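Quick look at protein-v9.cif (mmCIF, C-alpha atoms; chains and numbers go by the auth columns):
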```
data_final
#
loop_
_atom_site.group_PDB
_atom_site.id
_atom_site.type_symbol
_atom_site.label_atom_id
_atom_site.label_comp_id
_atom_site.label_asym_id
_atom_site.label_seq_id
_atom_site.Cartn_x
_atom_site.Cartn_y
_atom_site.Cartn_z
_atom_site.B_iso_or_equiv
_atom_site.auth_seq_id
_atom_site.auth_asym_id
ATOM 1 C CA MET A 1 -198.267 43.036 -213.632 0.00 1 A
ATOM 2 C CA LYS A 2 -200.596 46.012 -213.353 0.00 2 A
ATOM 3 C CA PRO A 3 -198.392 48.356 -215.452 0.00 3 A
ATOM 4 C CA LEU A 4 -198.273 45.729 -218.208 0.00 4 A
ATOM 5 C CA LEU A 5 -202.052 45.390 -218.244 0.00 5 A
ATOM 6 C CA ALA A 6 -202.465 49.157 -218.005 0.00 6 A
ATOM 7 C CA THR A 7 -200.249 49.529 -221.056 0.00 7 A
ATOM 8 C CA LEU A 8 -202.070 46.822 -223.000 0.00 8 A
ATOM 9 C CA PHE A 9 -205.526 48.124 -222.140 0.00 9 A
ATOM 10 C CA HIS A 10 -204.625 51.822 -222.358 0.00 10 A
ATOM 11 C CA VAL A 11 -206.794 53.427 -224.982 0.00 11 A
ATOM 12 C CA GLN A 12 -204.526 53.984 -227.942 0.00 12 A
ATOM 13 C CA HIS A 13 -206.135 53.850 -231.316 0.00 13 A
ATOM 14 C CA SER A 14 -202.770 53.376 -233.023 0.00 14 A
ATOM 15 C CA ASP A 15 -202.378 49.891 -231.472 0.00 15 A
ATOM 16 C CA ASP A 16 -205.778 48.805 -232.725 0.00 16 A
ATOM 17 C CA VAL A 17 -205.493 46.715 -235.883 0.00 17 A
ATOM 18 C CA THR A 18 -209.120 47.526 -236.657 0.00 18 A
ATOM 19 C CA SER A 19 -208.257 51.216 -236.898 0.00 19 A
ATOM 20 C CA ASP A 20 -206.755 52.869 -239.961 0.00 20 A
ATOM 21 C CA ASP A 21 -204.346 54.678 -237.603 0.00 21 A
ATOM 22 C CA PHE A 22 -202.598 51.365 -236.961 0.00 22 A
ATOM 23 C CA TYR A 23 -201.122 51.440 -240.463 0.00 23 A
ATOM 24 C CA ASP A 24 -200.121 55.119 -240.414 0.00 24 A
ATOM 25 C CA ALA A 25 -197.265 56.951 -238.698 0.00 25 A
ATOM 26 C CA PRO A 26 -197.597 57.773 -234.953 0.00 26 A
ATOM 27 C CA SER A 27 -200.782 59.691 -234.375 0.00 27 A
ATOM 28 C CA VAL A 28 -200.720 63.424 -233.759 0.00 28 A
ATOM 29 C CA LYS A 29 -204.062 62.967 -231.981 0.00 29 A
ATOM 30 C CA GLN A 30 -202.425 61.038 -229.145 0.00 30 A
ATOM 31 C CA SER A 31 -199.589 63.504 -228.666 0.00 31 A
ATOM 32 C CA ALA A 32 -201.875 66.537 -228.839 0.00 32 A
ATOM 33 C CA GLY A 33 -204.630 65.101 -226.641 0.00 33 A
ATOM 34 C CA GLY A 34 -202.700 62.944 -224.203 0.00 34 A
ATOM 35 C CA GLY A 35 -199.227 64.441 -224.233 0.00 35 A
ATOM 36 C CA GLY A 36 -199.708 66.826 -221.342 0.00 36 A
ATOM 37 C CA SER A 37 -199.084 70.570 -221.412 0.00 37 A
ATOM 38 C CA HIS A 38 -195.851 70.769 -223.389 0.00 38 A
ATOM 39 C CA GLY A 39 -197.389 72.969 -226.088 0.00 39 A
ATOM 40 C CA THR A 40 -195.926 70.965 -228.978 0.00 40 A
ATOM 41 C CA ALA A 41 -196.843 67.753 -230.707 0.00 41 A
ATOM 42 C CA ARG A 42 -194.356 64.939 -231.299 0.00 42 A
ATOM 43 C CA ASP A 43 -193.470 66.301 -234.720 0.00 43 A
ATOM 44 C CA GLY A 44 -192.610 69.774 -233.352 0.00 44 A
ATOM 45 C CA ARG A 45 -195.806 71.613 -234.312 0.00 45 A
ATOM 46 C CA SER A 46 -197.734 73.628 -231.753 0.00 46 A
ATOM 47 C CA THR A 47 -200.730 71.911 -230.181 0.00 47 A
ATOM 48 C CA ALA A 48 -203.017 74.412 -231.956 0.00 48 A
ATOM 49 C CA ASP A 49 -201.577 73.342 -235.328 0.00 49 A
ATOM 50 C CA ALA A 50 -201.820 69.704 -234.250 0.00 50 A
ATOM 51 C CA ALA A 51 -205.479 70.180 -233.284 0.00 51 A
ATOM 52 C CA THR A 52 -206.205 71.722 -236.694 0.00 52 A
ATOM 53 C CA PHE A 53 -204.381 68.855 -238.388 0.00 53 A
ATOM 54 C CA ASP A 54 -206.217 66.400 -236.119 0.00 54 A
ATOM 55 C CA SER A 55 -209.647 67.641 -237.184 0.00 55 A
ATOM 56 C CA GLU A 56 -208.626 67.264 -240.833 0.00 56 A
ATOM 57 C CA THR A 57 -207.345 63.685 -240.415 0.00 57 A
ATOM 58 C CA GLU A 58 -209.790 62.462 -237.790 0.00 58 A
ATOM 59 C CA GLN A 59 -210.811 58.838 -238.278 0.00 59 A
ATOM 60 C CA GLU A 60 -214.338 57.567 -237.948 0.00 60 A
ATOM 61 C CA PRO A 61 -214.700 55.534 -234.719 0.00 61 A
ATOM 62 C CA TRP A 62 -215.326 51.795 -234.825 0.00 62 A
ATOM 63 C CA ILE A 63 -218.561 52.157 -232.831 0.00 63 A
ATOM 64 C CA GLU A 64 -221.527 53.717 -234.598 0.00 64 A
ATOM 65 C CA PRO A 65 -224.310 55.503 -232.678 0.00 65 A
ATOM 66 C CA ASP A 66 -226.829 52.700 -233.187 0.00 66 A
ATOM 67 C CA ASP A 67 -224.289 50.146 -231.904 0.00 67 A
ATOM 68 C CA ILE A 68 -223.674 51.793 -228.510 0.00 68 A
ATOM 69 C CA PRO A 69 -226.522 49.949 -226.681 0.00 69 A
ATOM 70 C CA GLY A 70 -225.257 46.628 -228.070 0.00 70 A
ATOM 71 C CA VAL A 71 -221.712 47.405 -226.946 0.00 71 A
ATOM 72 C CA ARG A 72 -223.033 48.261 -223.473 0.00 72 A
ATOM 73 C CA LYS A 73 -224.907 44.932 -223.295 0.00 73 A
ATOM 74 C CA ALA A 74 -221.815 43.040 -224.441 0.00 74 A
ATOM 75 C CA LEU A 75 -219.756 44.881 -221.801 0.00 75 A
ATOM 76 C CA THR A 76 -222.252 43.926 -219.092 0.00 76 A
ATOM 77 C CA ALA A 77 -222.222 40.275 -220.169 0.00 77 A
ATOM 78 C CA TYR A 78 -218.426 40.249 -220.193 0.00 78 A
ATOM 79 C CA ARG A 79 -218.210 41.899 -216.756 0.00 79 A
ATOM 80 C CA VAL A 80 -220.647 39.392 -215.226 0.00 80 A
ATOM 81 C CA MET A 81 -218.704 36.472 -216.670 0.00 81 A
ATOM 82 C CA ALA A 82 -215.349 37.937 -215.609 0.00 82 A
ATOM 83 C CA TYR A 83 -216.545 38.246 -212.010 0.00 83 A
ATOM 84 C CA ILE A 84 -218.104 34.780 -211.924 0.00 84 A
ATOM 85 C CA VAL A 85 -215.119 33.036 -213.509 0.00 85 A
ATOM 86 C CA GLY A 86 -212.657 35.085 -211.429 0.00 86 A
ATOM 87 C CA THR A 87 -214.482 34.291 -208.203 0.00 87 A
ATOM 88 C CA LEU A 88 -214.661 30.596 -209.027 0.00 88 A
ATOM 89 C CA LEU A 89 -210.941 30.529 -209.795 0.00 89 A
ATOM 90 C CA VAL A 90 -210.064 32.267 -206.524 0.00 90 A
ATOM 91 C CA VAL A 91 -212.283 29.864 -204.560 0.00 91 A
ATOM 92 C CA LEU A 92 -210.768 26.920 -206.418 0.00 92 A
ATOM 93 C CA MET A 93 -207.170 27.934 -205.796 0.00 93 A
ATOM 94 C CA CYS A 94 -207.476 29.448 -202.312 0.00 94 A
ATOM 95 C CA VAL A 95 -210.132 27.246 -200.705 0.00 95 A
ATOM 96 C CA ALA A 96 -210.873 24.063 -202.634 0.00 96 A
ATOM 97 C CA MET A 97 -207.306 23.016 -203.485 0.00 97 A
ATOM 98 C CA PRO A 98 -206.062 23.428 -199.888 0.00 98 A
ATOM 99 C CA LEU A 99 -209.095 21.460 -198.665 0.00 99 A
ATOM 100 C CA LYS A 100 -208.340 18.686 -201.108 0.00 100 A
ATOM 101 C CA TYR A 101 -204.649 18.348 -200.346 0.00 101 A
ATOM 102 C CA ALA A 102 -204.518 19.383 -196.674 0.00 102 A
ATOM 103 C CA ALA A 103 -207.785 17.883 -195.428 0.00 103 A
ATOM 104 C CA GLY A 104 -208.334 15.136 -198.000 0.00 104 A
ATOM 105 C CA LYS A 105 -211.745 16.517 -199.074 0.00 105 A
ATOM 106 C CA PRO A 106 -211.885 16.636 -202.892 0.00 106 A
ATOM 107 C CA THR A 107 -215.602 17.377 -203.251 0.00 107 A
ATOM 108 C CA MET A 108 -215.238 21.147 -203.455 0.00 108 A
ATOM 109 C CA VAL A 109 -212.502 20.880 -206.118 0.00 109 A
ATOM 110 C CA ASN A 110 -214.829 18.751 -208.216 0.00 110 A
ATOM 111 C CA VAL A 111 -217.745 21.175 -207.960 0.00 111 A
ATOM 112 C CA VAL A 112 -215.849 24.463 -208.265 0.00 112 A
ATOM 113 C CA GLY A 113 -213.330 23.152 -210.798 0.00 113 A
ATOM 114 C CA ILE A 114 -215.992 21.818 -213.132 0.00 114 A
ATOM 115 C CA SER A 115 -218.004 25.034 -212.799 0.00 115 A
ATOM 116 C CA HIS A 116 -214.968 27.149 -213.635 0.00 116 A
ATOM 117 C CA GLY A 117 -214.080 24.838 -216.506 0.00 117 A
ATOM 118 C CA TRP A 118 -217.516 25.117 -218.088 0.00 118 A
ATOM 119 C CA LEU A 119 -217.917 28.868 -217.545 0.00 119 A
ATOM 120 C CA TYR A 120 -214.428 29.853 -218.745 0.00 120 A
ATOM 121 C CA PRO A 121 -215.350 29.286 -222.429 0.00 121 A
ATOM 122 C CA VAL A 122 -218.465 31.401 -221.868 0.00 122 A
ATOM 123 C CA LEU A 123 -216.140 34.175 -220.631 0.00 123 A
ATOM 124 C CA LEU A 124 -214.046 33.780 -223.775 0.00 124 A
ATOM 125 C CA ILE A 125 -217.128 34.026 -225.980 0.00 125 A
ATOM 126 C CA ALA A 126 -218.361 37.116 -224.105 0.00 126 A
ATOM 127 C CA ALA A 127 -214.911 38.721 -224.420 0.00 127 A
ATOM 128 C CA TYR A 128 -214.788 37.926 -228.145 0.00 128 A
ATOM 129 C CA ILE A 129 -218.225 39.427 -228.755 0.00 129 A
ATOM 130 C CA LEU A 130 -217.308 42.549 -226.791 0.00 130 A
ATOM 131 C CA GLY A 131 -213.967 42.812 -228.555 0.00 131 A
ATOM 132 C CA ARG A 132 -215.529 42.651 -232.003 0.00 132 A
ATOM 133 C CA LYS A 133 -218.186 45.214 -231.087 0.00 133 A
ATOM 134 C CA ALA A 134 -215.661 47.585 -229.468 0.00 134 A
ATOM 135 C CA GLY A 135 -212.959 47.128 -232.102 0.00 135 A
ATOM 136 C CA TRP A 136 -210.276 45.524 -229.960 0.00 136 A
ATOM 137 C CA PRO A 137 -207.158 44.023 -231.475 0.00 137 A
ATOM 138 C CA LEU A 138 -206.570 40.301 -231.081 0.00 138 A
ATOM 139 C CA THR A 139 -203.839 40.886 -228.479 0.00 139 A
ATOM 140 C CA ARG A 140 -206.379 42.286 -226.008 0.00 140 A
ATOM 141 C CA LEU A 141 -208.541 39.225 -226.441 0.00 141 A
ATOM 142 C CA LEU A 142 -205.549 36.982 -225.785 0.00 142 A
ATOM 143 C CA ILE A 143 -204.651 38.910 -222.623 0.00 143 A
ATOM 144 C CA ILE A 144 -208.232 38.546 -221.377 0.00 144 A
ATOM 145 C CA ALA A 145 -208.131 34.821 -222.147 0.00 145 A
ATOM 146 C CA LEU A 146 -204.948 34.447 -220.116 0.00 146 A
ATOM 147 C CA ALA A 147 -206.318 36.601 -217.291 0.00 147 A
ATOM 148 C CA GLY A 148 -209.094 34.058 -216.743 0.00 148 A
ATOM 149 C CA THR A 149 -206.494 31.461 -215.793 0.00 149 A
ATOM 150 C CA VAL A 150 -204.660 33.441 -213.087 0.00 150 A
ATOM 151 C CA PRO A 151 -206.355 34.083 -209.737 0.00 151 A
ATOM 152 C CA PHE A 152 -207.420 37.723 -209.224 0.00 152 A
ATOM 153 C CA LEU A 153 -206.209 38.756 -212.695 0.00 153 A
ATOM 154 C CA SER A 154 -209.625 38.541 -214.327 0.00 154 A
ATOM 155 C CA PHE A 155 -210.765 41.351 -212.001 0.00 155 A
ATOM 156 C CA VAL A 156 -207.864 43.532 -213.150 0.00 156 A
ATOM 157 C CA ALA A 157 -208.507 42.717 -216.812 0.00 157 A
ATOM 158 C CA GLU A 158 -212.215 43.504 -216.361 0.00 158 A
ATOM 159 C CA TYR A 159 -211.359 46.894 -214.857 0.00 159 A
ATOM 160 C CA PHE A 160 -209.134 47.890 -217.762 0.00 160 A
ATOM 161 C CA ALA A 161 -211.524 46.462 -220.345 0.00 161 A
ATOM 162 C CA ARG A 162 -214.392 48.474 -218.858 0.00 162 A
ATOM 163 C CA LYS A 163 -212.326 51.661 -218.873 0.00 163 A
ATOM 164 C CA ASP A 164 -211.297 51.050 -222.481 0.00 164 A
ATOM 165 C CA VAL A 165 -214.827 50.357 -223.727 0.00 165 A
ATOM 166 C CA ASP A 166 -216.247 53.336 -221.830 0.00 166 A
ATOM 167 C CA HIS A 167 -213.570 55.532 -223.396 0.00 167 A
ATOM 168 C CA ARG A 168 -214.299 54.167 -226.875 0.00 168 A
ATOM 169 C CA ILE A 169 -218.028 54.802 -226.411 0.00 169 A
ATOM 170 C CA GLU A 170 -217.330 58.345 -225.224 0.00 170 A
ATOM 171 C CA ASP A 171 -215.049 58.965 -228.219 0.00 171 A
ATOM 172 C CA ALA A 172 -217.734 57.614 -230.553 0.00 172 A
ATOM 173 C CA ARG A 173 -220.412 59.830 -228.988 0.00 173 A
ATOM 174 C CA ASP A 174 -218.162 62.884 -229.288 0.00 174 A
ATOM 175 C CA TYR A 175 -217.340 62.087 -232.897 0.00 175 A
ATOM 176 C CA TRP A 176 -220.926 61.428 -233.936 0.00 176 A
ATOM 177 C CA ALA A 177 -222.137 64.555 -232.116 0.00 177 A
ATOM 178 C CA HIS A 178 -219.971 66.619 -234.473 0.00 178 A
ATOM 179 C CA HIS A 179 -220.442 64.564 -237.642 0.00 179 A
ATOM 180 C CA ALA A 180 -223.403 63.151 -239.496 0.00 180 A
ATOM 181 C CA ALA A 181 -224.423 59.662 -238.434 0.00 181 A
ATOM 182 C CA PRO A 182 -223.818 57.011 -241.096 0.00 182 A
ATOM 183 C CA ALA A 183 -226.727 56.172 -243.361 0.00 183 A
ATOM 184 C CA LYS A 184 -227.877 52.552 -243.255 0.00 184 A
#
```
Let me see the file written as structure tokens.
Amino acid sequence: MKPLLATLFHVQHSDDVTSDDFYDAPSVKQSAGGGGSHGTARDGRSTADAATFDSETEQEPWIEPDDIPGVRKALTAYRVMAYIVGTLLVVLMCVAMPLKYAAGKPTMVNVVGISHGWLYPVLLIAAYILGRKAGWPLTRLLIIALAGTVPFLSFVAEYFARKDVDHRIEDARDYWAHHAAPAK
């Protein structure tokens, strides 16, 4: 399961429907920057030529400099909700359900189950807000929604989401450090 999530949450701007790269041919930027030390891009050019081409065709990042603090706050809210909902689900499945069916004590299922049920939509809202601010495609949001229903998986999804957002913020900072900030 981890390789699937790693693939889905791996930072690739070409899989992002909010990016113009999604509608173009495979990106030279990915093969030049993340392709290792082969010395050539996917299309056969040297990495130096690819880097020159990359700077000419570089796309503006989804996150603007003024939006970075808001993205960070949305990431924090999402992380808090992912841990709370994930913990409640683990307690529900690993403690409360066995107590209910093995010991005949349903009280904990009622308390933990209702708590998880009410907080799960809050997790979905936090994930949606973060996804819109960070420029995620809808598929990532769906994976996060499903991760909140499988014990321990919300922790894995949170890890990859955090890595992705941190990478997107870093890319935005690098881009805006070398280009003029947009006028508002």
| query | Using the chain letters and numbers from the file, which residues does the PyMOL selection byres ((chain A and resi 113-123) around 8) grab, as a PyMOL selection string? | reply | chain A and resi 78+81-82+85+88-89+92+108-112+124-127+148
| query | Nearest to Lys133 of chain A: which of A:Gly86, A:Val165, A:Lys105, A:Lys100 is it, counting only C-alpha atoms? | reply | A:Val165
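Reported to one decimal place, the separation of atom CA of Val80 of chain A from atom CA of Leu138 of chain A is 21.2 Å.
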| Computed interatomic separation between atom CA of Asp164 of chain A and atom CA of Pro151 of chain A (Å) |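 Answer for the atom CA of Asp164 of chain A to atom CA of Pro151 of chain A separation: 21.8 Å.
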| field | Computed interatomic separation between atom CA of Tyr175 of chain A and atom CA of Glu64 of chain A (Å) | value | 9.5 Å
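Considering the residues A:Ala145, A:Leu75, A:Cys94, A:Ala172 and counting all atoms listed in the file, Tyr159 of chain A has its shortest atom-to-atom contact with A:Leu75.
The shortest atom-to-atom distance to Tyr128 of chain A, with all atoms listed in the file taken into account, belongs to A:Ala77 out of A:Ala77, A:His178, A:Thr87, A:Leu99.
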Please report, as AutoDock Vina command-line options, the centre and edge lengths in Å to one decimal of an axis-aligned box covering all listed atoms of segment 66-80 of chain A with 5 Å per side.
```
--center_x -222.5 --center_y 46.0 --center_z -224.2 --size_x 18.6 --size_y 23.3 --size_z 28.0
```
| said: Calculated over only C-alpha atoms, which of the candidates A:Gly135, A:Ile144, A:Gly104, A:Ala180 has the smallest distance to Ala157 of chain A? | reply: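 Selected residue with least distance to Ala157 of chain A: A:Ile144.
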| Surrounding residues of Asp171 of chain A excluding itself and chain neighbours under 2 positions, 12 Å, all atoms listed in the file, as a list in words |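 Final neighbour list, sorted by chain and number: Val11, Gln12, His13, Glu58, Gln59, Glu60, Pro61, Trp62, Ile63, Glu64, Pro65, Ile68, Ala134, Asp164, Val165, Asp166, His167, Arg168, Ile169, Arg173, Asp174, Tyr175, Trp176, Ala177 and His178 of chain A.
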| task | Can you work out which one of A:Thr76, A:Asp66, A:Met93, A:Pro98 has the shortest atom-to-atom distance to Thr149 of chain A, counting all atoms listed in the file? | result |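 Closest candidate: A:Met93.
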